[in-house]
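Asks: The structure under discussion is supplied below as structure tokens; questions concerning it will follow.
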Amino acid sequence: MIQLKDVNKTYEDGFQALKSISLDFQDEKINVLIGPSGCGKTTTMKLLNKLIDYTEGTILMNGKNIQEINTIELRREMGYVIQNIGLFPHMTIFNNVAAVPKLLKWDKKRIEKKVHELLTMVNLDPDTYKNRYPSELSGGQQQRIGVIRALAADPDIILMDEPFSALDPISRDQLQDELIRLQKEIKKTIIFVTHDMDEAIKIADQIILMKDGEVVQRGAPSELLANPANDFVKEFIGPKRLLTHESALELRRMINTDTPTVRPDESIEETLKIMIDKQISYVPVVSEDKKFKGIVSIYDAIAQSAGSVKEITHNPPELIREGHDAAEALNIMAGSDASLFPVVAEDNTFIGVIHNHDHMKLLEENVAMQGGSAK
């Protein structure tokens, strides 16, 4: 665990960049430092690998004061990803990724295996990319290399200083998704600096919002959205994001998680019995691993009484996703005469359904919220 205890940073000109900062970074989580320019977020990050020194206080890593840890050894324990990537232009991708393992004197086979694993991990074919040079890659591909280079020596801690801010919106969104996916696999303690609240909300397990060298509020994205500590937090998050979060909460309240489901291999005869018993016209089809497979209607079940459910399963034109807000859900529902609308997670795990009779209630509440926000 990384802990800061009453840490101050004052520069020679008297500017106090940090004012008695005390916080814990969550292990194996993405911790996002965010705030306006000059708030102290980058300063806080740079203290962790001794790029700058603090004036007062204590920083502990796994209970040990970092002042007692050799600087070179400390930095080798951390990966570091920066905005401008910093790849060596005259070295191949292989040698860029292998740079730190070579310094650590890993043997050749171990290095080759690690580089191949990492390139594969970020969907860059090793045989295609390992002998290319940075100039032959797109900005997004270069940034992927920057990330896996930081992972090459398998450090426990990764520092990421606005790594995606120079990319176009599409590449940035893709790399945010990639980071979330990677973190589920690698489970590192990541300290991520950004000025973009949308990015923070999307990727963070813990958001640390700073202003004028102090921590104003920290917590999970949902905590900040649901309970902003003061007007500064509300303003920094923005009324549109707060409204969207409230709208998403309204949607979640509409989801029925107790609805009956059937498996793809269930018999049509048995499914028909369930639908008649529950007095429902449609039933979601869900696999044993909880993945949504489609919907069966009672009319199709009556028309084909023999066989298995998978033979009469059909998919809705569009699914309501867990991250949707009420407005997005209403757009999907508009013009549909379906009696229920399945709700799934991003990985297609079935969550529940919204019934058609809740459609108008959701619409009324969404309109009321929109009207309230306009006042």
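As shown in the structure tokens, the chain order sets the letters A, B, ...; within each chain, residues go from 1, and ligands are also counted from 1 in the order they appear.
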Might you pull out every residue within 10 Å of Asn123 in chain A, with only C-alpha atoms counted and same-chain residues fewer than 5 positions away left off, and present them as a PyMOL selection string?
Replies: chain A and resi 118+141+144+178
Asks: Mind writing the picked residues with N, CA and C atoms as a PDB file, in the first residue's frame?
Replies:
```
ATOM      1  N   LEU A 118       3.495  -9.490 -23.840  1.00  0.00           N
ATOM      2  CA  LEU A 118       2.972  -8.136 -23.684  1.00  0.00           C
ATOM      3  C   LEU A 118       2.380  -7.599 -24.983  1.00  0.00           C
ATOM      4  N   GLN A 141      -1.025   3.088 -31.265  1.00  0.00           N
ATOM      5  CA  GLN A 141      -0.147   1.918 -31.156  1.00  0.00           C
ATOM      6  C   GLN A 141       1.106   2.258 -30.353  1.00  0.00           C
ATOM      7  N   ARG A 144       0.259   2.238 -26.751  1.00  0.00           N
ATOM      8  CA  ARG A 144       0.169   0.857 -26.257  1.00  0.00           C
ATOM      9  C   ARG A 144       1.554   0.332 -25.903  1.00  0.00           C
ATOM     10  N   GLU A 178      -8.907  -0.496 -23.207  1.00  0.00           N
ATOM     11  CA  GLU A 178      -7.790  -1.439 -23.127  1.00  0.00           C
ATOM     12  C   GLU A 178      -7.206  -1.477 -21.718  1.00  0.00           C
TER      13      GLU A 178
END
```
Asks: As number ranges by chain, please: all residues of range 213-318 of chain A that backbone DSSP puts in alpha helix (DSSP H).
Replies: A: 221-226, 231-237, 239-254, 268-278, 298-303
Asks: Leaving out Ser22 in chain A and any residue of its chain fewer than 5 positions from it, which residues lie within 7 Å of it when counting only C-alpha atoms, given as a list in words?
Replies: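 Here the answer would be Leu4, Lys5, Asp6 and Val7 of chain A.
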Asks: With N, CA and C atoms retained, write the just-selected residues as a tab-separated table (two decimals), in the first residue's frame.
Replies:
```tsv
chain	number	residue	atom	x	y	z
A	4	LEU	N	0.33	8.46	2.04
A	4	LEU	CA	0.88	9.79	2.27
A	4	LEU	C	0.33	10.31	3.59
A	5	LYS	N	1.22	10.76	4.45
A	5	LYS	CA	0.82	11.25	5.76
A	5	LYS	C	1.31	12.68	5.97
A	6	ASP	N	0.39	13.62	5.97
A	6	ASP	CA	0.69	15.05	6.21
A	6	ASP	C	1.84	15.54	5.33
A	7	VAL	N	1.75	15.25	4.05
A	7	VAL	CA	2.83	15.61	3.13
A	7	VAL	C	2.66	17.05	2.63
```
Asks: Ranking A:Leu224, A:Ile145, A:Leu104, A:Leu33 by minimum distance to Gly86 in chain A and counting only C-alpha atoms, which one comes first?
Replies: A:Ile145
Asks: Write out as JSON, numbers by chain which residues come within 12 Å of Ile208 in chain A when counting only C-alpha atoms, dropping same-chain ones fewer than 5 positions away.
Replies: {"A": [21, 22, 23, 24, 25, 26, 30, 31, 32, 33, 34, 35, 39, 40, 41, 44, 45, 191, 192, 193, 194, 195, 197, 200, 201, 213, 214, 215, 216, 217, 218, 219, 220, 221, 223, 224, 233]}
Asks: Keeping only C-alpha atoms, write the selected residues to a file as a PDB file, in the first residue's frame.
Replies:
```
ATOM      1  CA  ILE A  21      -1.876  15.748   2.033  1.00  0.00           C
ATOM      2  CA  SER A  22      -2.941  12.495   3.711  1.00  0.00           C
ATOM      3  CA  LEU A  23      -4.323   9.669   1.588  1.00  0.00           C
ATOM      4  CA  ASP A  24      -4.066   5.980   0.781  1.00  0.00           C
ATOM      5  CA  PHE A  25      -3.804   4.644  -2.757  1.00  0.00           C
ATOM      6  CA  GLN A  26      -5.825   1.446  -3.133  1.00  0.00           C
ATOM      7  CA  ILE A  30      -6.811   2.372 -10.630  1.00  0.00           C
ATOM      8  CA  ASN A  31      -6.376   5.495  -8.498  1.00  0.00           C
ATOM      9  CA  VAL A  32      -7.038   8.678 -10.480  1.00  0.00           C
ATOM     10  CA  LEU A  33      -5.603  12.042  -9.410  1.00  0.00           C
ATOM     11  CA  ILE A  34      -7.630  14.849 -10.978  1.00  0.00           C
ATOM     12  CA  GLY A  35      -8.174  18.563 -10.597  1.00  0.00           C
ATOM     13  CA  CYS A  39      -3.842  21.683  -8.068  1.00  0.00           C
ATOM     14  CA  GLY A  40      -0.904  19.410  -7.162  1.00  0.00           C
ATOM     15  CA  LYS A  41      -1.886  16.163  -8.872  1.00  0.00           C
ATOM     16  CA  THR A  44       1.856  14.185  -5.873  1.00  0.00           C
ATOM     17  CA  MET A  45       2.675  11.557  -8.486  1.00  0.00           C
ATOM     18  CA  ILE A 191      -1.729   5.986 -10.126  1.00  0.00           C
ATOM     19  CA  PHE A 192      -3.248   7.846 -13.067  1.00  0.00           C
ATOM     20  CA  VAL A 193      -3.137  11.636 -13.510  1.00  0.00           C
ATOM     21  CA  THR A 194      -5.743  13.287 -15.736  1.00  0.00           C
ATOM     22  CA  HIS A 195      -7.607  16.573 -16.091  1.00  0.00           C
ATOM     23  CA  MET A 197     -13.489  13.995 -15.572  1.00  0.00           C
ATOM     24  CA  ALA A 200     -11.697   9.566 -14.480  1.00  0.00           C
ATOM     25  CA  ILE A 201     -15.294   8.384 -14.144  1.00  0.00           C
ATOM     26  CA  GLY A 213      -2.694  21.567  -3.107  1.00  0.00           C
ATOM     27  CA  GLU A 214      -5.369  19.818  -1.058  1.00  0.00           C
ATOM     28  CA  VAL A 215      -7.596  16.771  -1.444  1.00  0.00           C
ATOM     29  CA  VAL A 216     -11.171  18.022  -1.705  1.00  0.00           C
ATOM     30  CA  GLN A 217     -12.894  14.635  -2.038  1.00  0.00           C
ATOM     31  CA  ARG A 218     -11.965  11.050  -2.787  1.00  0.00           C
ATOM     32  CA  GLY A 219     -13.955   7.919  -3.370  1.00  0.00           C
ATOM     33  CA  ALA A 220     -15.425   5.695  -6.053  1.00  0.00           C
ATOM     34  CA  PRO A 221     -16.814   7.553  -9.099  1.00  0.00           C
ATOM     35  CA  GLU A 223     -19.709   8.210  -4.585  1.00  0.00           C
ATOM     36  CA  LEU A 224     -18.592  11.542  -6.040  1.00  0.00           C
ATOM     37  CA  VAL A 233     -16.901  19.260  -6.699  1.00  0.00           C
TER      38      VAL A 233
END
```
Asks: May I have the residues within 9 Å of range 105-116 of chain A as a JSON list (two decimals) with N, CA and C atoms, in the first residue's frame, using only C-alpha atoms and disregarding those fewer than 3 positions away in the same chain?
Replies:
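out.json, written as the output of this step:
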```json
[["chain", "number", "residue", "atom", "x", "y", "z"],
["A", 94, "PHE", "N", 10.66, -4.17, -30.19],
["A", 94, "PHE", "CA", 11.16, -5.22, -29.29],
["A", 94, "PHE", "C", 12.14, -4.63, -28.28],
["A", 95, "ASN", "N", 13.10, -3.88, -28.76],
["A", 95, "ASN", "CA", 14.13, -3.33, -27.88],
["A", 95, "ASN", "C", 13.60, -2.24, -26.96],
["A", 97, "VAL", "N", 10.54, -2.28, -25.62],
["A", 97, "VAL", "CA", 9.84, -3.00, -24.55],
["A", 97, "VAL", "C", 10.84, -3.74, -23.65],
["A", 98, "ALA", "N", 11.92, -4.21, -24.24],
["A", 98, "ALA", "CA", 12.90, -5.02, -23.52],
["A", 98, "ALA", "C", 13.92, -4.19, -22.75],
["A", 100, "VAL", "N", 14.09, -2.24, -19.98],
["A", 100, "VAL", "CA", 14.28, -2.42, -18.54],
["A", 100, "VAL", "C", 14.67, -3.86, -18.19],
["A", 101, "PRO", "N", 14.03, -4.88, -18.76],
["A", 101, "PRO", "CA", 14.50, -6.25, -18.49],
["A", 101, "PRO", "C", 15.98, -6.46, -18.82],
["A", 102, "LYS", "N", 16.47, -5.79, -19.87],
["A", 102, "LYS", "CA", 17.90, -5.91, -20.21],
["A", 102, "LYS", "C", 18.75, -5.26, -19.12],
["A", 119, "LEU", "N", 3.06, -7.84, -26.10],
["A", 119, "LEU", "CA", 2.52, -7.40, -27.38],
["A", 119, "LEU", "C", 1.18, -8.08, -27.67],
["A", 120, "THR", "N", 1.12, -9.36, -27.37],
["A", 120, "THR", "CA", -0.13, -10.10, -27.57],
["A", 120, "THR", "C", -1.23, -9.56, -26.66],
["A", 121, "MET", "N", -0.85, -9.18, -25.46],
["A", 121, "MET", "CA", -1.81, -8.68, -24.47],
["A", 121, "MET", "C", -2.54, -7.42, -24.95],
["A", 125, "ASP", "N", 0.29, -8.04, -32.91],
["A", 125, "ASP", "CA", 0.92, -9.30, -33.26],
["A", 125, "ASP", "C", 2.44, -9.18, -33.17],
["A", 126, "PRO", "N", 3.10, -9.99, -32.33],
["A", 126, "PRO", "CA", 4.55, -9.87, -32.15],
["A", 126, "PRO", "C", 5.34, -9.98, -33.45],
["A", 127, "ASP", "N", 4.99, -10.94, -34.29],
["A", 127, "ASP", "CA", 5.73, -11.13, -35.54],
["A", 127, "ASP", "C", 5.59, -9.94, -36.47],
["A", 130, "LYS", "N", 7.22, -6.43, -33.70],
["A", 130, "LYS", "CA", 8.40, -6.37, -32.85],
["A", 130, "LYS", "C", 9.63, -5.77, -33.54],
["A", 148, "ILE", "N", 2.95, -1.10, -22.25],
["A", 148, "ILE", "CA", 3.53, -2.43, -21.98],
["A", 148, "ILE", "C", 5.01, -2.33, -21.64],
["A", 149, "ARG", "N", 5.70, -1.27, -22.11],
["A", 149, "ARG", "CA", 7.09, -1.09, -21.69],
["A", 149, "ARG", "C", 7.15, -0.87, -20.17],
["A", 152, "ALA", "N", 6.93, -4.20, -18.45],
["A", 152, "ALA", "CA", 7.88, -5.24, -18.86],
["A", 152, "ALA", "C", 8.59, -5.93, -17.71],
["A", 153, "ALA", "N", 8.97, -5.17, -16.69],
["A", 153, "ALA", "CA", 9.68, -5.78, -15.56],
["A", 153, "ALA", "C", 8.73, -6.25, -14.46]]
```
Asks: When you count only C-alpha atoms, which of these residues is closest to Thr43 in chain A: A:Ala17, A:Ile93, A:Ala99, A:Ile157?
Replies: A:Ala17
Asks: For Val122 in chain A, which residue among A:Asn230, A:Asn331, A:Gln83, A:Gln176 is the nearest when counting only C-alpha atoms?
Replies: A:Gln176
Asks: Could you tell me how far CA of Glu328 in chain A sits from CA of Pro260 in chain A, in Å to one decimal place?
Replies: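 Between these atoms lies a distance of 24.9 Å.
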Asks: Here is a test: counting only C-alpha atoms, which residue of A:Val147, A:Pro342, A:Gln67, A:Ala303 is nearest to Pro317 in chain A?
Replies: A:Pro342
Asks: Using only C-alpha atoms, which of A:Val262, A:Ile354, A:Leu272, A:Leu242 sits nearest Ser287 in chain A?
Replies: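 Of A:Val262, A:Ile354, A:Leu272, A:Leu242, the one nearest Ser287 in chain A, counting only C-alpha atoms, is A:Val262.
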Asks: I'd like to know which residues of range 104-344 of chain A are strand (DSSP E) (by DSSP, run on the backbone); could you write them as number ranges by chain?
Replies: A: 157-161, 189-194, 206-211, 214-219, 282-286, 292-297, 320-321, 340-344
Asks: Give me the residues within 10 Å of Pro264 in chain A as a ChimeraX atom specification, counting only C-alpha atoms and dropping any in the same chain fewer than 4 places off.
Replies: /A:268,284-288,292-296,308-313
Asks: Using the selection just defined, write its residues with C-alpha atoms as an mmCIF file, in the first residue's frame.
Replies:
```
data_model
loop_
_atom_site.group_PDB
_atom_site.id
_atom_site.type_symbol
_atom_site.label_atom_id
_atom_site.label_comp_id
_atom_site.auth_asym_id
_atom_site.auth_seq_id
_atom_site.Cartn_x
_atom_site.Cartn_y
_atom_site.Cartn_z
ATOM 1 C CA ILE A 268 -40.002 -25.665 -25.746
ATOM 2 C CA PRO A 284 -35.229 -14.148 -21.747
ATOM 3 C CA VAL A 285 -32.888 -16.959 -22.743
ATOM 4 C CA VAL A 286 -29.777 -17.052 -20.530
ATOM 5 C CA SER A 287 -26.871 -19.513 -20.640
ATOM 6 C CA GLU A 288 -25.433 -21.294 -17.610
ATOM 7 C CA PHE A 292 -27.935 -13.233 -22.514
ATOM 8 C CA LYS A 293 -28.780 -15.244 -25.639
ATOM 9 C CA GLY A 294 -32.067 -13.744 -26.768
ATOM 10 C CA ILE A 295 -35.813 -13.890 -26.201
ATOM 11 C CA VAL A 296 -38.523 -16.502 -26.784
ATOM 12 C CA SER A 308 -35.332 -26.834 -27.764
ATOM 13 C CA VAL A 309 -35.525 -23.139 -26.951
ATOM 14 C CA LYS A 310 -32.456 -22.234 -29.026
ATOM 15 C CA GLU A 311 -34.435 -23.117 -32.185
ATOM 16 C CA ILE A 312 -36.958 -20.321 -31.588
ATOM 17 C CA THR A 313 -34.743 -17.755 -29.853
#
```
